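Novice: Supplied structure: protein.pdb, PDB, C-alpha atoms and all ligand atoms.
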MODEL        1
ATOM      1  CA  MET A   1     156.180  86.100  19.558  1.00  0.00           C
ATOM      2  CA  GLN A   2     158.072  83.274  21.203  1.00  0.00           C
ATOM      3  CA  ILE A   3     159.789  80.569  19.210  1.00  0.00           C
ATOM      4  CA  LEU A   4     161.925  77.670  20.366  1.00  0.00           C
ATOM      5  CA  HIS A   5     165.673  77.699  20.779  1.00  0.00           C
ATOM      6  CA  PRO A   6     166.636  74.276  19.380  1.00  0.00           C
ATOM      7  CA  PHE A   7     168.856  73.518  22.291  1.00  0.00           C
ATOM      8  CA  ALA A   8     169.559  70.320  24.191  1.00  0.00           C
ATOM      9  CA  GLY A   9     171.735  70.654  27.253  1.00  0.00           C
ATOM     10  CA  SER A  10     171.893  71.980  30.785  1.00  0.00           C
ATOM     11  CA  VAL A  11     170.778  75.416  31.969  1.00  0.00           C
ATOM     12  CA  GLN A  12     174.476  76.206  32.435  1.00  0.00           C
ATOM     13  CA  GLN A  13     175.322  75.317  28.826  1.00  0.00           C
ATOM     14  CA  TYR A  14     172.354  77.332  27.598  1.00  0.00           C
ATOM     15  CA  THR A  15     173.585  80.388  29.525  1.00  0.00           C
ATOM     16  CA  GLU A  16     177.063  80.075  28.021  1.00  0.00           C
ATOM     17  CA  GLN A  17     175.719  79.772  24.493  1.00  0.00           C
ATOM     18  CA  LEU A  18     173.587  82.911  24.893  1.00  0.00           C
ATOM     19  CA  ALA A  19     176.658  85.142  24.554  1.00  0.00           C
ATOM     20  CA  ASN A  20     176.693  84.563  20.805  1.00  0.00           C
ATOM     21  CA  PRO A  21     173.816  86.422  19.084  1.00  0.00           C
ATOM     22  CA  ASP A  22     174.363  84.520  15.823  1.00  0.00           C
ATOM     23  CA  CYS A  23     173.645  81.237  17.486  1.00  0.00           C
ATOM     24  CA  ASN A  24     170.184  80.113  16.338  1.00  0.00           C
ATOM     25  CA  ARG A  25     169.229  83.490  14.875  1.00  0.00           C
ATOM     26  CA  SER A  26     165.951  82.851  13.084  1.00  0.00           C
ATOM     27  CA  ALA A  27     165.790  83.674   9.383  1.00  0.00           C
ATOM     28  CA  PRO A  28     163.448  84.558   7.839  1.00  0.00           C
ATOM     29  CA  CYS A  29     161.274  86.436  10.339  1.00  0.00           C
ATOM     30  CA  PRO A  30     158.643  83.921  11.543  1.00  0.00           C
ATOM     31  CA  GLN A  31     155.991  86.659  11.575  1.00  0.00           C
ATOM     32  CA  CYS A  32     156.333  88.578   8.286  1.00  0.00           C
ATOM     33  CA  HIS A  33     158.752  86.177   6.510  1.00  0.00           C
ATOM     34  CA  THR A  34     161.002  88.962   5.229  1.00  0.00           C
ATOM     35  CA  LYS A  35     164.403  87.757   4.042  1.00  0.00           C
ATOM     36  CA  HIS A  36     166.294  90.411   6.067  1.00  0.00           C
ATOM     37  CA  PRO A  37     168.205  88.928   8.988  1.00  0.00           C
ATOM     38  CA  LEU A  38     166.834  89.716  12.416  1.00  0.00           C
ATOM     39  CA  THR A  39     168.757  92.118  14.661  1.00  0.00           C
ATOM     40  CA  ALA A  40     169.838  91.077  18.151  1.00  0.00           C
ATOM     41  CA  HIS A  41     167.584  93.017  20.541  1.00  0.00           C
ATOM     42  CA  GLY A  42     168.780  92.275  24.054  1.00  0.00           C
ATOM     43  CA  PHE A  43     167.213  89.845  26.494  1.00  0.00           C
ATOM     44  CA  TYR A  44     164.343  89.484  28.851  1.00  0.00           C
ATOM     45  CA  THR A  45     164.605  87.579  32.073  1.00  0.00           C
ATOM     46  CA  ARG A  46     162.312  84.949  33.484  1.00  0.00           C
ATOM     47  CA  THR A  47     162.349  82.699  36.488  1.00  0.00           C
ATOM     48  CA  LEU A  48     162.990  78.994  36.102  1.00  0.00           C
ATOM     49  CA  ILE A  49     162.570  76.184  38.609  1.00  0.00           C
ATOM     50  CA  ASP A  50     164.253  73.060  37.296  1.00  0.00           C
ATOM     51  CA  ALA A  51     165.612  69.842  38.804  1.00  0.00           C
ATOM     52  CA  ALA A  52     169.030  71.372  39.502  1.00  0.00           C
ATOM     53  CA  PHE A  53     168.300  75.079  39.070  1.00  0.00           C
ATOM     54  CA  ASP A  54     166.126  77.689  40.754  1.00  0.00           C
ATOM     55  CA  GLY A  55     166.719  81.226  39.589  1.00  0.00           C
ATOM     56  CA  ILE A  56     166.626  83.646  36.694  1.00  0.00           C
ATOM     57  CA  ILE A  57     167.545  82.872  33.101  1.00  0.00           C
ATOM     58  CA  ARG A  58     167.898  85.253  30.190  1.00  0.00           C
ATOM     59  CA  VAL A  59     165.966  84.746  26.970  1.00  0.00           C
ATOM     60  CA  ARG A  60     167.389  86.263  23.803  1.00  0.00           C
ATOM     61  CA  ARG A  61     165.241  88.586  21.798  1.00  0.00           C
ATOM     62  CA  TYR A  62     165.535  89.651  18.161  1.00  0.00           C
ATOM     63  CA  LEU A  63     163.916  92.545  16.336  1.00  0.00           C
ATOM     64  CA  CYS A  64     162.638  92.319  12.784  1.00  0.00           C
ATOM     65  CA  GLN A  65     163.428  95.610  11.040  1.00  0.00           C
ATOM     66  CA  ALA A  66     160.747  94.970   8.437  1.00  0.00           C
ATOM     67  CA  CYS A  67     157.705  94.422  10.681  1.00  0.00           C
ATOM     68  CA  GLN A  68     159.148  95.978  13.862  1.00  0.00           C
ATOM     69  CA  ARG A  69     158.075  93.021  15.947  1.00  0.00           C
ATOM     70  CA  THR A  70     160.241  91.050  18.334  1.00  0.00           C
ATOM     71  CA  VAL A  71     160.918  87.340  18.379  1.00  0.00           C
ATOM     72  CA  SER A  72     162.195  85.670  21.530  1.00  0.00           C
ATOM     73  CA  LEU A  73     164.073  82.418  21.548  1.00  0.00           C
ATOM     74  CA  LEU A  74     162.812  80.269  24.367  1.00  0.00           C
ATOM     75  CA  PRO A  75     164.989  77.291  25.394  1.00  0.00           C
ATOM     76  CA  GLU A  76     163.134  74.044  24.840  1.00  0.00           C
ATOM     77  CA  PHE A  77     163.456  72.888  28.448  1.00  0.00           C
ATOM     78  CA  VAL A  78     160.856  75.471  29.501  1.00  0.00           C
ATOM     79  CA  LEU A  79     157.190  75.840  28.624  1.00  0.00           C
ATOM     80  CA  PRO A  80     155.910  79.316  27.749  1.00  0.00           C
ATOM     81  CA  TYR A  81     154.231  81.128  30.666  1.00  0.00           C
ATOM     82  CA  LEU A  82     155.175  78.531  33.271  1.00  0.00           C
ATOM     83  CA  ARG A  83     157.895  79.047  35.865  1.00  0.00           C
ATOM     84  CA  SER A  84     158.775  75.395  36.318  1.00  0.00           C
ATOM     85  CA  GLY A  85     160.890  73.622  33.742  1.00  0.00           C
ATOM     86  CA  LEU A  86     159.474  70.900  31.523  1.00  0.00           C
ATOM     87  CA  MET A  87     161.412  68.186  33.408  1.00  0.00           C
ATOM     88  CA  VAL A  88     159.836  69.083  36.765  1.00  0.00           C
ATOM     89  CA  ILE A  89     156.338  69.162  35.266  1.00  0.00           C
ATOM     90  CA  THR A  90     156.937  65.847  33.487  1.00  0.00           C
ATOM     91  CA  LEU A  91     158.175  64.138  36.661  1.00  0.00           C
ATOM     92  CA  PHE A  92     155.143  65.344  38.567  1.00  0.00           C
ATOM     93  CA  LEU A  93     152.561  64.306  35.968  1.00  0.00           C
ATOM     94  CA  ILE A  94     154.108  60.835  35.561  1.00  0.00           C
ATOM     95  CA  ALA A  95     154.359  60.292  39.316  1.00  0.00           C
ATOM     96  CA  ARG A  96     150.786  61.375  39.976  1.00  0.00           C
ATOM     97  CA  LEU A  97     148.854  60.279  36.890  1.00  0.00           C
ATOM     98  CA  LEU A  98     150.787  57.206  35.696  1.00  0.00           C
ATOM     99  CA  ARG A  99     152.205  55.800  38.923  1.00  0.00           C
ATOM    100  CA  GLY A 100     149.345  56.895  41.158  1.00  0.00           C
ATOM    101  CA  GLN A 101     151.524  58.552  43.810  1.00  0.00           C
ATOM    102  CA  THR A 102     149.844  60.939  46.232  1.00  0.00           C
ATOM    103  CA  LEU A 103     150.027  64.667  45.478  1.00  0.00           C
ATOM    104  CA  HIS A 104     152.617  65.171  48.234  1.00  0.00           C
ATOM    105  CA  SER A 105     154.751  62.274  47.102  1.00  0.00           C
ATOM    106  CA  ALA A 106     154.551  63.323  43.430  1.00  0.00           C
ATOM    107  CA  ALA A 107     155.613  66.845  44.397  1.00  0.00           C
ATOM    108  CA  ARG A 108     158.628  65.481  46.283  1.00  0.00           C
ATOM    109  CA  THR A 109     159.537  63.338  43.272  1.00  0.00           C
ATOM    110  CA  ALA A 110     159.423  66.363  40.964  1.00  0.00           C
ATOM    111  CA  ALA A 111     161.217  68.970  43.083  1.00  0.00           C
ATOM    112  CA  PRO A 112     162.016  68.682  46.801  1.00  0.00           C
ATOM    113  CA  SER A 113     160.601  72.047  47.888  1.00  0.00           C
ATOM    114  CA  MET A 114     157.662  72.240  45.548  1.00  0.00           C
ATOM    115  CA  PRO A 115     154.170  72.925  46.964  1.00  0.00           C
ATOM    116  CA  TYR A 116     151.797  70.201  45.760  1.00  0.00           C
ATOM    117  CA  GLN A 117     149.174  72.822  44.848  1.00  0.00           C
ATOM    118  CA  ARG A 118     151.367  73.829  41.936  1.00  0.00           C
ATOM    119  CA  GLY A 119     151.121  70.266  40.645  1.00  0.00           C
ATOM    120  CA  GLN A 120     147.338  70.286  41.023  1.00  0.00           C
ATOM    121  CA  PHE A 121     147.247  73.297  38.734  1.00  0.00           C
ATOM    122  CA  TRP A 122     149.294  71.409  36.111  1.00  0.00           C
ATOM    123  CA  ILE A 123     147.000  68.386  36.367  1.00  0.00           C
ATOM    124  CA  ARG A 124     143.909  70.529  35.781  1.00  0.00           C
ATOM    125  CA  ARG A 125     145.489  72.048  32.711  1.00  0.00           C
ATOM    126  CA  PHE A 126     146.781  68.696  31.451  1.00  0.00           C
ATOM    127  CA  ARG A 127     143.330  67.094  31.777  1.00  0.00           C
ATOM    128  CA  ALA A 128     141.779  69.947  29.814  1.00  0.00           C
ATOM    129  CA  GLN A 129     144.430  69.642  27.126  1.00  0.00           C
ATOM    130  CA  ALA A 130     144.654  65.831  26.870  1.00  0.00           C
ATOM    131  CA  GLU A 131     142.268  65.307  23.943  1.00  0.00           C
ATOM    132  CA  THR A 132     144.009  68.030  21.900  1.00  0.00           C
ATOM    133  CA  LEU A 133     147.386  66.436  22.675  1.00  0.00           C
ATOM    134  CA  CYS A 134     146.195  63.016  21.499  1.00  0.00           C
ATOM    135  CA  ALA A 135     145.032  64.478  18.185  1.00  0.00           C
ATOM    136  CA  ALA A 136     148.228  66.486  17.620  1.00  0.00           C
ATOM    137  CA  LEU A 137     150.654  63.746  18.674  1.00  0.00           C
ATOM    138  CA  ALA A 138     149.004  61.243  16.329  1.00  0.00           C
ATOM    139  CA  ALA A 139     151.299  62.796  13.703  1.00  0.00           C
ATOM    140  CA  LEU A 140     154.301  61.407  15.610  1.00  0.00           C
ATOM    141  CA  THR A 141     153.222  58.187  17.241  1.00  0.00           C
ATOM    142  CA  ILE A 142     150.461  55.588  17.098  1.00  0.00           C
ATOM    143  CA  PRO A 143     147.661  56.339  19.580  1.00  0.00           C
ATOM    144  CA  ALA A 144     147.953  53.816  22.386  1.00  0.00           C
ATOM    145  CA  PRO A 145     144.907  51.943  23.687  1.00  0.00           C
ATOM    146  CA  ALA A 146     144.005  53.623  26.972  1.00  0.00           C
ATOM    147  CA  PRO A 147     140.893  54.071  29.149  1.00  0.00           C
ATOM    148  CA  ASP A 148     140.770  57.853  28.627  1.00  0.00           C
ATOM    149  CA  PHE A 149     142.434  60.792  26.891  1.00  0.00           C
ATOM    150  CA  VAL A 150     144.652  61.584  29.890  1.00  0.00           C
ATOM    151  CA  HIS A 151     146.251  58.133  29.874  1.00  0.00           C
ATOM    152  CA  ARG A 152     146.444  58.008  26.102  1.00  0.00           C
ATOM    153  CA  ALA A 153     148.167  61.421  26.017  1.00  0.00           C
ATOM    154  CA  LEU A 154     150.624  60.286  28.709  1.00  0.00           C
ATOM    155  CA  ALA A 155     151.445  57.112  26.777  1.00  0.00           C
ATOM    156  CA  MET A 156     151.972  59.090  23.575  1.00  0.00           C
ATOM    157  CA  LEU A 157     154.202  61.622  25.352  1.00  0.00           C
ATOM    158  CA  GLU A 158     156.240  58.829  26.904  1.00  0.00           C
ATOM    159  CA  SER A 159     156.745  57.064  23.568  1.00  0.00           C
ATOM    160  CA  THR A 160     157.610  60.289  21.718  1.00  0.00           C
ATOM    161  CA  GLY A 161     159.735  61.793  24.494  1.00  0.00           C
ATOM    162  CA  TRP A 162     158.442  64.886  26.292  1.00  0.00           C
ATOM    163  CA  ILE A 163     160.986  67.338  24.907  1.00  0.00           C
ATOM    164  CA  ALA A 164     160.576  66.017  21.363  1.00  0.00           C
ATOM    165  CA  ALA A 165     156.804  66.221  21.743  1.00  0.00           C
ATOM    166  CA  HIS A 166     156.984  69.769  23.126  1.00  0.00           C
ATOM    167  CA  ARG A 167     159.268  70.784  20.231  1.00  0.00           C
ATOM    168  CA  PHE A 168     156.801  69.405  17.694  1.00  0.00           C
ATOM    169  CA  LEU A 169     153.724  70.827  19.435  1.00  0.00           C
ATOM    170  CA  PHE A 170     155.153  74.313  19.928  1.00  0.00           C
ATOM    171  CA  ALA A 171     157.283  74.783  16.817  1.00  0.00           C
ATOM    172  CA  GLY A 172     155.185  72.663  14.468  1.00  0.00           C
ATOM    173  CA  VAL A 173     151.568  73.279  15.397  1.00  0.00           C
ATOM    174  CA  ARG A 174     151.717  76.133  17.966  1.00  0.00           C
ATOM    175  CA  CYS A 175     150.132  73.954  20.599  1.00  0.00           C
ATOM    176  CA  HIS A 176     151.067  74.332  24.289  1.00  0.00           C
ATOM    177  CA  LEU A 177     151.638  71.112  26.216  1.00  0.00           C
ATOM    178  CA  LEU A 178     149.426  72.392  29.048  1.00  0.00           C
ATOM    179  CA  GLY A 179     147.245  74.673  26.913  1.00  0.00           C
ATOM    180  CA  TRP A 180     147.764  78.375  26.192  1.00  0.00           C
ATOM    181  CA  PRO A 181     146.672  80.881  28.799  1.00  0.00           C
ATOM    182  CA  ARG A 182     143.378  82.551  28.020  1.00  0.00           C
ATOM    183  CA  GLY A 183     143.913  85.425  25.592  1.00  0.00           C
ATOM    184  CA  LEU A 184     146.729  83.655  23.752  1.00  0.00           C
ATOM    185  CA  ALA A 185     144.672  80.767  22.385  1.00  0.00           C
ATOM    186  CA  PRO A 186     144.616  79.155  19.904  1.00  0.00           C
ATOM    187  CA  ASP A 187     148.253  79.561  18.825  1.00  0.00           C
ATOM    188  CA  GLY A 188     150.097  81.483  21.559  1.00  0.00           C
ATOM    189  CA  ARG A 189     149.866  84.870  19.901  1.00  0.00           C
ATOM    190  CA  ARG A 190     148.003  87.875  21.151  1.00  0.00           C
ATOM    191  CA  THR A 191     144.800  88.540  19.286  1.00  0.00           C
ATOM    192  CA  ALA A 192     145.042  90.724  16.197  1.00  0.00           C
ATOM    193  CA  PHE A 193     143.843  94.012  17.658  1.00  0.00           C
ATOM    194  CA  SER A 194     146.612  94.152  20.272  1.00  0.00           C
ATOM    195  CA  THR A 195     149.525  92.902  18.130  1.00  0.00           C
ATOM    196  CA  ALA A 196     150.469  96.333  16.820  1.00  0.00           C
ATOM    197  CA  THR A 197     150.987  97.865  20.237  1.00  0.00           C
ATOM    198  CA  ALA A 198     152.209  94.877  22.200  1.00  0.00           C
ATOM    199  CA  PRO A 199     154.686  92.698  20.330  1.00  0.00           C
ATOM    200  CA  ALA A 200     155.035  89.316  21.961  1.00  0.00           C
TER
HETATM  201 ZN    ZN B   1     159.115  90.494  10.513  1.00  0.00          ZN
ENDMDL
END
How does the structure come out when it is put into structure tokens?
Ligand SMILES: [Zn+2]
Specialist:
Amino acid sequence: MQILHPFAGSVQQYTEQLANPDCNRSAPCPQCHTKHPLTAHGFYTRTLIDAAFDGIIRVRRYLCQACQRTVSLLPEFVLPYLRSGLMVITLFLIARLLRGQTLHSAARTAAPSMPYQRGQFWIRRFRAQAETLCAALAALTIPAPAPDFVHRALAMLESTGWIAAHRFLFAGVRCHLLGWPRGLAPDGRRTAFSTATAPA
């Protein structure tokens, strides 16, 4: 299972803070809620494309001795299962959907070497997720008058702040800003029959 590392700062600062396993250790276990502290359980690596970073980051993992499942602490500047950082995705969606820039121009705004097709993929997912976002974000901000769910969701994300909204959606209601991949819906966890053999 992935949970959020409540961290605001640069990729560099995140990397430095990772050395300390006690930093942001989750207690109790978010899966079985035992009171026993979680044990540091190494890292996994993932790629990250961000405004000023393109490479590999480590994500800390903990093991719960009670339920034998792992918990990984994902920094809040990334979205689960997406290589690009939240800032790059945000810049693209605003440029294309709010400002009406062309796909090529929006891609250049988001990240200089980004293929625009990647942005098209985000737009498809954002459109499919917009109505869900409007409903969930109504807990944080007043729904803005807008011609459709896409524009209303964008306005609500802008007024809440994208990172703050992502934190609430993911940590609070297990909702993915761009929708969970198939198989992990509705809350980002593998379905019950596979949980025992494949801890997330
Ligand atoms: Zn547990």
Novice: At a cut-off of 12 Å, using all atoms listed in the file, what residues contact Ala19 of chain A? Leave out same-chain residues fewer than 3 positions from it and give the result as a PyMOL selection string.
Specialist: chain A and resi 13-16+22-24+40+42-43+58-60
Novice: The PyMOL selection byres (((chain A and resi 25) around 10) and not hetatm) - which residues does that actually catch in the file I just gave you? List them as a PDB file with C-alpha atoms, keeping the file's coordinate frame.
Specialist:
ATOM      1  CA  HIS A   5     165.673  77.699  20.779  1.00  0.00           C
ATOM      2  CA  ASN A  20     176.693  84.563  20.805  1.00  0.00           C
ATOM      3  CA  PRO A  21     173.816  86.422  19.084  1.00  0.00           C
ATOM      4  CA  ASP A  22     174.363  84.520  15.823  1.00  0.00           C
ATOM      5  CA  CYS A  23     173.645  81.237  17.486  1.00  0.00           C
ATOM      6  CA  ASN A  24     170.184  80.113  16.338  1.00  0.00           C
ATOM      7  CA  SER A  26     165.951  82.851  13.084  1.00  0.00           C
ATOM      8  CA  ALA A  27     165.790  83.674   9.383  1.00  0.00           C
ATOM      9  CA  PRO A  28     163.448  84.558   7.839  1.00  0.00           C
ATOM     10  CA  CYS A  29     161.274  86.436  10.339  1.00  0.00           C
ATOM     11  CA  PRO A  37     168.205  88.928   8.988  1.00  0.00           C
ATOM     12  CA  LEU A  38     166.834  89.716  12.416  1.00  0.00           C
ATOM     13  CA  THR A  39     168.757  92.118  14.661  1.00  0.00           C
ATOM     14  CA  ALA A  40     169.838  91.077  18.151  1.00  0.00           C
ATOM     15  CA  ARG A  60     167.389  86.263  23.803  1.00  0.00           C
ATOM     16  CA  ARG A  61     165.241  88.586  21.798  1.00  0.00           C
ATOM     17  CA  TYR A  62     165.535  89.651  18.161  1.00  0.00           C
ATOM     18  CA  VAL A  71     160.918  87.340  18.379  1.00  0.00           C
ATOM     19  CA  SER A  72     162.195  85.670  21.530  1.00  0.00           C
ATOM     20  CA  LEU A  73     164.073  82.418  21.548  1.00  0.00           C
TER      21      LEU A  73
END
Novice: Hey, can you check how far atom CA of Phe121 of chain A sits from atom CA of Leu140 of chain A?
Specialist: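 Between these atoms lies a distance of 26.9 Å.
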Novice: In Å, rounded to a single decimal, give me how far atom CA of Ala136 of chain A is from atom CA of His151 of chain A.
Specialist: 15.0 Å
Novice: On this structure, the PyMOL selection byres (((chain A and resi 161-172) around 8) and not hetatm) would catch which residues? List them as a ChimeraX atom specification, sorted by chain and number.
Specialist: /A:3-4,76-77,86,90,136-137,157-160,173-177
Novice: Convert the output of the PyMOL selection byres (((not hetatm)) within 9 of (chain B and resi 1)) on the shown file into explicit residues, formatted as a PyMOL selection string.
Specialist: chain A and resi 28-36+38+63-71
Novice: Taking the partial coordinates given, rebuild segment 138-148 of chain A to contain all heavy atoms; return it as a short mmCIF file (atom, residue, chain, number, x, y, z; two decimals), in the coordinates of the input.
Specialist:
data_model
loop_
_atom_site.label_atom_id
_atom_site.label_comp_id
_atom_site.auth_asym_id
_atom_site.auth_seq_id
_atom_site.Cartn_x
_atom_site.Cartn_y
_atom_site.Cartn_z
N ALA A 138 149.24 62.35 17.25
CA ALA A 138 149.00 61.24 16.33
C ALA A 138 149.87 61.39 15.08
O ALA A 138 150.10 60.42 14.36
CB ALA A 138 147.53 61.18 15.96
N ALA A 139 150.38 62.59 14.83
CA ALA A 139 151.30 62.80 13.70
C ALA A 139 152.66 62.17 13.98
O ALA A 139 153.44 61.95 13.06
CB ALA A 139 151.46 64.30 13.43
N LEU A 140 152.97 61.91 15.24
CA LEU A 140 154.30 61.41 15.61
C LEU A 140 154.30 59.95 16.05
O LEU A 140 155.30 59.26 15.91
CB LEU A 140 154.87 62.24 16.77
CG LEU A 140 155.14 63.71 16.57
CD1 LEU A 140 155.82 64.27 17.81
CD2 LEU A 140 156.03 63.93 15.36
N THR A 141 153.22 59.52 16.65
CA THR A 141 153.22 58.19 17.24
C THR A 141 151.83 57.58 17.16
O THR A 141 150.83 58.31 17.05
CB THR A 141 153.73 58.26 18.72
OG1 THR A 141 153.78 56.95 19.25
CG2 THR A 141 152.82 59.11 19.59
N ILE A 142 151.75 56.28 17.20
CA ILE A 142 150.46 55.59 17.10
C ILE A 142 149.70 55.76 18.41
O ILE A 142 150.26 55.52 19.49
CB ILE A 142 150.69 54.09 16.80
CG1 ILE A 142 151.39 53.94 15.45
CG2 ILE A 142 149.38 53.32 16.83
CD1 ILE A 142 152.01 52.58 15.23
N PRO A 143 148.43 56.19 18.34
CA PRO A 143 147.66 56.34 19.58
C PRO A 143 147.57 55.01 20.33
O PRO A 143 147.21 54.00 19.75
CB PRO A 143 146.28 56.80 19.09
CG PRO A 143 146.52 57.33 17.72
CD PRO A 143 147.69 56.57 17.15
N ALA A 144 147.94 55.04 21.59
CA ALA A 144 147.95 53.82 22.39
C ALA A 144 146.56 53.53 22.91
O ALA A 144 145.79 54.45 23.19
CB ALA A 144 148.90 54.00 23.56
N PRO A 145 146.18 52.24 23.04
CA PRO A 145 144.91 51.94 23.69
C PRO A 145 144.97 52.38 25.15
O PRO A 145 145.96 52.09 25.83
CB PRO A 145 144.79 50.42 23.57
CG PRO A 145 146.11 49.91 23.13
CD PRO A 145 146.95 51.06 22.69
N ALA A 146 143.99 53.12 25.60
CA ALA A 146 144.00 53.62 26.97
C ALA A 146 142.58 53.91 27.38
O ALA A 146 141.71 54.14 26.52
CB ALA A 146 144.85 54.89 27.06
N PRO A 147 142.28 53.89 28.69
CA PRO A 147 140.89 54.07 29.15
C PRO A 147 140.36 55.48 28.92
O PRO A 147 139.14 55.68 28.88
CB PRO A 147 140.97 53.76 30.65
CG PRO A 147 142.41 53.94 31.02
CD PRO A 147 143.20 53.60 29.80
N ASP A 148 141.24 56.48 28.81
CA ASP A 148 140.77 57.85 28.63
C ASP A 148 141.86 58.68 27.95
O ASP A 148 142.97 58.21 27.74
CB ASP A 148 140.38 58.47 29.98
CG ASP A 148 141.50 58.33 31.00
OD1 ASP A 148 142.65 58.60 30.66
OD2 ASP A 148 141.21 57.91 32.15
#
